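> The structure that follows is given in the form of structure tokens.
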Amino acid sequence: MPRMTQATASIRKRHGTTMSVVGPDHPAADAGKTLDVRDLNHTYSVNGKTTQALQDIAFNVSAGRFISIVGPSGCGKSSLLMMLAGLLTPSEGRIAVGGRPLVKPDPTRVGVVFQDASLFPWLTARRNVEFPLFLRGVAKAVRREKAEEALALVGLERFADSLPHELSGGMKQRVSIARGLVQDPPILLMDEPFAALDEQTRITMGDELLRIWEKARKTIVFVTHGLSEAIYLSDEVLVLSGRPGRILDRVAIDLPRPRSLDMMAQPRFADLREAIWHMIKA
Amino acid sequence: MATRDAVLGYGAAGAVFLALWEAAPRLGWMDGRLLPPFSDVVAALGAMAATATFWQQVQLTLLETLTAFAIALPVGALLGVLVQESRFASLIFKPLIFFVFSIPKSIFLPIFILILGIAFWQKVAFGVFSTVFIVMMTTFSAVESVREDQLRVARSLDASTMQKILFVYLPSMTPVLLEAVRVAMIFNFTGILLAEMYASREGIGNAIGVWGLGFQIKELLAMVLFVSVLAISFNEAIRYLEAKCEHWRN
């Protein structure tokens with residue numbers, strides 16, 4: 001598959017300079033898959049009571065795909081995303097990004113956008129976007145250039161010097177996306193990023209995200225509880241069951257791109273929504 | 001401009017207050033022996049400021065105050081962070097700290113004298129004791145003001161512990177910590193002056209006490225004026241810093 005080969009090459013190119021450890025002892029067989037999750041189980045105990053949160057999660061995502069994870073409240077979809085971000089260690093299983101295992105947060109491989117934009121209120125939009133580079137000691141001029149590029153990508157170049165409290169909810173979330181993209185990671189994880197926004201802003205942000213995605217050519221893993229949102233945005237929807245979260249199905253979304261709002265009124269959209277809804281409800 | 005109006009307002013209120021102070025004893029509304037006119041008090045302050053004794057007293061009190069402050073602030077802040085960050089320590093020590101904070105510190109002064117005498121370190125110790133609890137309590141809220149979601153962002157960016165402390169905890173906490181500095185100084189200065197008034201042979205507090213007993217109201221009020229200006233200046237300087245550091249809060 002030419003697409004995968006290309007993806008592998010681009011991942012190698014991106015990481016080859018800093019890390020050249022993709023050797024034979026690494027499970028690089030699936031390097032074509034940007035993201036590879038295998039045999040993942042997760043249990044946690046509170047006050048001696050053990051709960052299984054996730055069960056037998058296995059899936060992979062090819063480069064450049066937009067996939068959403070949906071499921072009932074408490075099914076562990078956010079936990080799963082935190083594991084993909086390296087913020088939570090699964091009890092069992094293996095997560096590989098670009099063919100290399102991910103055991104701790106690595107913002108050069110995985111960018112994360114959280115539900116609340118979680119910007120640092122004392123930093124301007126530009127300095128917030130620069131922050132990941134600042135932590136890695138990147139030179140100021142380079143930092144600035146990359147941050148400006150990322151802000152331009154999300155359409156906020158004119159607001160670079162604004163403080164977060166001067167920005168609207170949607171704008172804050174766009175700054176947060178720019179921060180996630182500033183190190184050019186192949187994967188962007190998004191944890192219900194538009195849940196706190198009003199309906200109208202949410203729809204606008206969806207279109208905005210698709211525009212950014214098409215331009216940046218990233219793999220996006222998007223957690224949401226909105227089925228319409230998931231179908232509208234994604235190539236594929238991963239449906240999780242209630243606790244313990246298992247993968248019920250991977251639903252390919254065969255709606256043409258570019259997506260437009262009137263597709264939501266089409267029978268195909270309604271069928272997909274209906275099918276996913278039934279799975280979750282059952 | 002709202003600020004200019006406010007400044008004019010303060011100025012006018014201050015002028016009225018001083019005019020009343022000046023007029024009341026001169027017009028016989030108040031006994032001049034109990035309330036000498038403002039101009040007499042200023043003159044007395046001028047005369048005192050020309051003596052070496054005055055500056056020795058001021059120097060000693062300020063040295064005690066700053067020494068106590070230099071101990072209470074870092075100790076209180078460090079203990080505050082440690083207690084707040086540990087669930088176990090929070091559970092055990094937080095109620096105790098709140099209990100102790102609610103007790104008037106002055107009632108322990110005789111015990112401090114019994115243990116430490118009435119010299120420099122007794123004043124410092126009492127100043128620290130008066131201050132350290134309020135610093136700890138303000139630090140609790142400073143640590144609480146650090147938002148979990150911002151720490152998670154730092155973790156997702158693979159920030160080191162040091163980076164988290166310097167670039168997330170510290171900027172988050174700065175406004176509240178400055179407030180701690182301001183409020184702590186009020187407690188600290190009060191503690192030191194009280195200790196000097198109660199039992200001491202020197203210092204500003206001692207001078208005020210002696211003048212009070214000797215019915216030297218002019219000198220007493222001159223010193224009160226001096227201490228007030230000193231305390232207000234410190235307070236306002238920190239408030240100015242607070243406002244500057246707080247611009248990012250709405």
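Following the order of the structure tokens, chains are lettered A, B, ..., residues in each are numbered from 1, and ligands are numbered from 1.
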Give me, as an mmCIF file with N, CA and C atoms, in the first residue's frame, the residues of chain A touching chain B, with the criterion being at most 7 Å (counting only C-alpha atoms).


```cif
data_model
loop_
_atom_site.group_PDB
_atom_site.id
_atom_site.type_symbol
_atom_site.label_atom_id
_atom_site.label_comp_id
_atom_site.auth_asym_id
_atom_site.auth_seq_id
_atom_site.Cartn_x
_atom_site.Cartn_y
_atom_site.Cartn_z
ATOM 1 N N ALA A 85 -1.653 8.887 25.097
ATOM 2 C CA ALA A 85 -0.825 10.073 25.306
ATOM 3 C C ALA A 85 0.370 9.775 26.207
ATOM 4 N N LEU A 87 0.108 9.229 29.355
ATOM 5 C CA LEU A 87 -0.160 9.827 30.665
ATOM 6 C C LEU A 87 -0.675 8.809 31.665
ATOM 7 N N PRO A 105 4.922 10.219 28.042
ATOM 8 C CA PRO A 105 4.537 11.263 27.101
ATOM 9 C C PRO A 105 5.699 11.654 26.192
ATOM 10 N N ASP A 106 5.420 11.776 24.920
ATOM 11 C CA ASP A 106 6.437 12.181 23.959
ATOM 12 C C ASP A 106 5.774 13.134 22.963
ATOM 13 N N PRO A 107 5.809 14.428 23.276
ATOM 14 C CA PRO A 107 5.077 15.400 22.455
ATOM 15 C C PRO A 107 5.592 15.513 21.018
ATOM 16 N N SER A 118 -6.980 24.461 28.558
ATOM 17 C CA SER A 118 -5.855 24.340 29.480
ATOM 18 C C SER A 118 -4.644 25.142 29.036
ATOM 19 N N PHE A 120 -1.967 28.253 29.634
ATOM 20 C CA PHE A 120 -1.423 28.922 30.813
ATOM 21 C C PHE A 120 -1.855 30.381 30.744
ATOM 22 N N PRO A 121 -2.680 30.824 31.713
ATOM 23 C CA PRO A 121 -3.305 32.148 31.584
ATOM 24 C C PRO A 121 -2.300 33.300 31.642
ATOM 25 N N TRP A 122 -1.090 33.040 32.169
ATOM 26 C CA TRP A 122 -0.113 34.127 32.285
ATOM 27 C C TRP A 122 0.745 34.262 31.019
ATOM 28 N N PRO A 132 5.837 24.037 24.482
ATOM 29 C CA PRO A 132 6.446 22.710 24.328
ATOM 30 C C PRO A 132 7.886 22.792 23.821
ATOM 31 N N LEU A 135 10.233 24.050 26.636
ATOM 32 C CA LEU A 135 10.623 22.994 27.578
ATOM 33 C C LEU A 135 11.788 22.174 27.037
ATOM 34 N N LEU A 163 -3.727 37.520 25.594
ATOM 35 C CA LEU A 163 -3.736 36.594 26.720
ATOM 36 C C LEU A 163 -4.991 35.728 26.619
ATOM 37 N N HIS A 165 -7.425 35.030 28.521
ATOM 38 C CA HIS A 165 -8.727 35.552 28.965
ATOM 39 C C HIS A 165 -9.305 36.564 27.983
#
```

> Excluding Val110 in chain A and any residue of its chain fewer than 2 positions from it, enumerate the residues within 9 Å of it, using only C-alpha atoms, and give them as a list in words.

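My reading of the contact set: Leu84, Ala85, Gly86, Val97, Pro105, Asp106, Pro107, Thr108, Val112, Gly180, Leu181, Asp184, Pro185, Pro186, Ile187, Leu188 and Leu189 of chain A; Ser156 of chain B.
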
> Just give me the gap between CA of His42 in chain A and CA of Glu92 in chain A in Å, one decimal is fine.

6.4 Å

> Mind checking DSSP for range 147-211 of chain B and telling me the helix (DSSP H, G or I) residues as a ChimeraX atom specification?

/B:148-156,161-198,204-211

> For a quick check of understanding, using only C-alpha atoms, which of B:Met30, B:Val146, B:Met162, B:Ala125 has the smallest distance to Ala68 in chain B?

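Nearest candidate to Ala68 in chain B out of B:Met30, B:Val146, B:Met162, B:Ala125: B:Ala125.
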
> Which of these residues is nearest to Ser90 in chain B, using only C-alpha atoms: B:Ala49, B:Val75, B:Leu62, B:Met137?

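The shortest atom-to-atom distance to Ser90 in chain B comes from B:Met137.
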
> Excluding Ala270 in chain A and residues on its chain fewer than 6 positions from it, collect all residues at most 12 Å away from it, counting only C-alpha atoms, and give them as a PDB file with N, CA and C atoms, in the first residue's frame.


```pdb
ATOM      1  N   LEU A 227     -22.345  11.568  18.768  1.00  0.00           N
ATOM      2  CA  LEU A 227     -22.286  10.638  17.632  1.00  0.00           C
ATOM      3  C   LEU A 227     -22.253  11.401  16.307  1.00  0.00           C
ATOM      4  N   SER A 228     -23.082  12.443  16.188  1.00  0.00           N
ATOM      5  CA  SER A 228     -23.106  13.214  14.936  1.00  0.00           C
ATOM      6  C   SER A 228     -21.738  13.824  14.668  1.00  0.00           C
ATOM      7  N   ILE A 231     -19.344  11.113  13.447  1.00  0.00           N
ATOM      8  CA  ILE A 231     -19.595  10.684  12.065  1.00  0.00           C
ATOM      9  C   ILE A 231     -19.196  11.796  11.095  1.00  0.00           C
ATOM     10  N   TYR A 232     -19.540  13.017  11.446  1.00  0.00           N
ATOM     11  CA  TYR A 232     -19.283  14.156  10.564  1.00  0.00           C
ATOM     12  C   TYR A 232     -17.780  14.322  10.292  1.00  0.00           C
ATOM     13  N   ILE A 253     -16.745   5.282   7.930  1.00  0.00           N
ATOM     14  CA  ILE A 253     -17.679   6.337   7.525  1.00  0.00           C
ATOM     15  C   ILE A 253     -17.409   6.628   6.050  1.00  0.00           C
ATOM     16  N   LEU A 255     -18.938   8.503   3.937  1.00  0.00           N
ATOM     17  CA  LEU A 255     -19.422   9.771   3.369  1.00  0.00           C
ATOM     18  C   LEU A 255     -18.263  10.444   2.627  1.00  0.00           C
ATOM     19  N   ASP A 262     -24.916  19.826   5.164  1.00  0.00           N
ATOM     20  CA  ASP A 262     -26.161  19.228   4.636  1.00  0.00           C
ATOM     21  C   ASP A 262     -26.085  17.699   4.577  1.00  0.00           C
ATOM     22  N   MET A 263     -24.851  17.132   4.698  1.00  0.00           N
ATOM     23  CA  MET A 263     -24.731  15.666   4.743  1.00  0.00           C
ATOM     24  C   MET A 263     -25.449  15.077   5.958  1.00  0.00           C
ATOM     25  N   MET A 264     -25.528  15.886   7.008  1.00  0.00           N
ATOM     26  CA  MET A 264     -26.189  15.406   8.222  1.00  0.00           C
ATOM     27  C   MET A 264     -27.649  15.067   7.945  1.00  0.00           C
ATOM     28  N   ILE A 276     -24.772   3.047  15.069  1.00  0.00           N
ATOM     29  CA  ILE A 276     -23.857   3.230  16.210  1.00  0.00           C
ATOM     30  C   ILE A 276     -24.653   3.373  17.508  1.00  0.00           C
ATOM     31  N   TRP A 277     -25.736   4.108  17.431  1.00  0.00           N
ATOM     32  CA  TRP A 277     -26.582   4.319  18.606  1.00  0.00           C
ATOM     33  C   TRP A 277     -27.098   2.987  19.148  1.00  0.00           C
TER      34      TRP A 277
END
```

> Just give me the gap between CA of Asp249 in chain A and CA of Val223 in chain A in Å, one decimal is fine.

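Computing the Euclidean distance for CA of Asp249 in chain A and CA of Val223 in chain A yields 15.2 Å.
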
> Write out as a PyMOL selection string the residues lying within 10 Å of Arg33 in chain B, counting only C-alpha atoms and excluding same-chain residues fewer than 2 positions away.

chain B and resi 25+30-31+35-37+215-218

> To one decimal in Å, tell me the separation between CA of Ile97 in chain B and CA of Ala231 in chain B.

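So the two atoms, CA of Ile97 in chain B and CA of Ala231 in chain B, lie 26.4 Å apart.
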
> Just list the residues in range 10-152 of chain A DSSP gives strand (DSSP E or B) on the backbone, as an MDAnalysis selection string.

chainID A and resid 33:46 49:62 66:70 92:97 100:101 110:113

> Write out, as an mmCIF file, in the first residue's frame, the residues just selected, with C-alpha atoms.


```
data_model
loop_
_atom_site.group_PDB
_atom_site.id
_atom_site.type_symbol
_atom_site.label_atom_id
_atom_site.label_comp_id
_atom_site.auth_asym_id
_atom_site.auth_seq_id
_atom_site.Cartn_x
_atom_site.Cartn_y
_atom_site.Cartn_z
ATOM 1 C CA LYS A 33 0.553 1.909 11.170
ATOM 2 C CA THR A 34 1.096 5.239 12.823
ATOM 3 C CA LEU A 35 -0.658 3.961 15.908
ATOM 4 C CA ASP A 36 -0.772 0.353 17.017
ATOM 5 C CA VAL A 37 -2.566 -0.814 20.161
ATOM 6 C CA ARG A 38 -2.404 -4.454 21.185
ATOM 7 C CA ASP A 39 -3.983 -6.608 23.904
ATOM 8 C CA LEU A 40 -4.688 -3.671 26.107
ATOM 9 C CA ASN A 41 -6.414 -4.336 29.418
ATOM 10 C CA HIS A 42 -6.790 -1.953 32.277
ATOM 11 C CA THR A 43 -7.942 -2.488 35.838
ATOM 12 C CA TYR A 44 -7.765 -0.151 38.777
ATOM 13 C CA SER A 45 -8.651 -0.527 42.417
ATOM 14 C CA VAL A 46 -10.199 1.964 44.759
ATOM 15 C CA LYS A 49 -12.368 -2.887 45.070
ATOM 16 C CA THR A 50 -10.977 -3.799 41.673
ATOM 17 C CA THR A 51 -12.693 -2.542 38.541
ATOM 18 C CA GLN A 52 -11.931 -3.535 34.999
ATOM 19 C CA ALA A 53 -12.019 -0.374 32.913
ATOM 20 C CA LEU A 54 -10.861 -1.602 29.516
ATOM 21 C CA GLN A 55 -10.826 -5.093 28.091
ATOM 22 C CA ASP A 56 -8.980 -6.559 25.091
ATOM 23 C CA ILE A 57 -8.518 -3.309 23.244
ATOM 24 C CA ALA A 58 -6.659 -3.786 19.979
ATOM 25 C CA PHE A 59 -6.667 -1.551 16.944
ATOM 26 C CA ASN A 60 -4.372 0.284 14.626
ATOM 27 C CA VAL A 61 -4.603 3.473 12.665
ATOM 28 C CA SER A 62 -2.872 4.290 9.399
ATOM 29 C CA PHE A 66 -9.239 10.674 11.288
ATOM 30 C CA ILE A 67 -10.770 8.262 13.762
ATOM 31 C CA SER A 68 -13.190 8.919 16.578
ATOM 32 C CA ILE A 69 -13.786 6.898 19.713
ATOM 33 C CA VAL A 70 -17.343 6.913 21.037
ATOM 34 C CA GLU A 92 -1.498 -4.882 30.296
ATOM 35 C CA GLY A 93 -0.818 -4.403 26.636
ATOM 36 C CA ARG A 94 1.324 -2.426 24.318
ATOM 37 C CA ILE A 95 1.024 0.884 22.508
ATOM 38 C CA ALA A 96 3.334 1.736 19.629
ATOM 39 C CA VAL A 97 3.545 4.987 17.757
ATOM 40 C CA ARG A 100 8.249 2.407 18.547
ATOM 41 C CA PRO A 101 6.646 1.666 21.928
ATOM 42 C CA VAL A 110 1.882 12.528 20.060
ATOM 43 C CA GLY A 111 0.256 15.936 20.515
ATOM 44 C CA VAL A 112 -2.648 16.195 22.941
ATOM 45 C CA VAL A 113 -5.580 18.596 23.021
#
```

> With only C-alpha atoms as the atoms that count, which of B:Thr190, B:Gln84, B:Asn206, B:Thr53 lies nearest to Ser130 in chain B?

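Closest to Ser130 in chain B of all the choices is B:Thr190.
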
> With distances taken over only C-alpha atoms, which residue among A:Leu233, A:Ala141, A:Ala160, A:Ala282 lies nearest Pro256 in chain A?

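The shortest atom-to-atom distance to Pro256 in chain A comes from A:Leu233.
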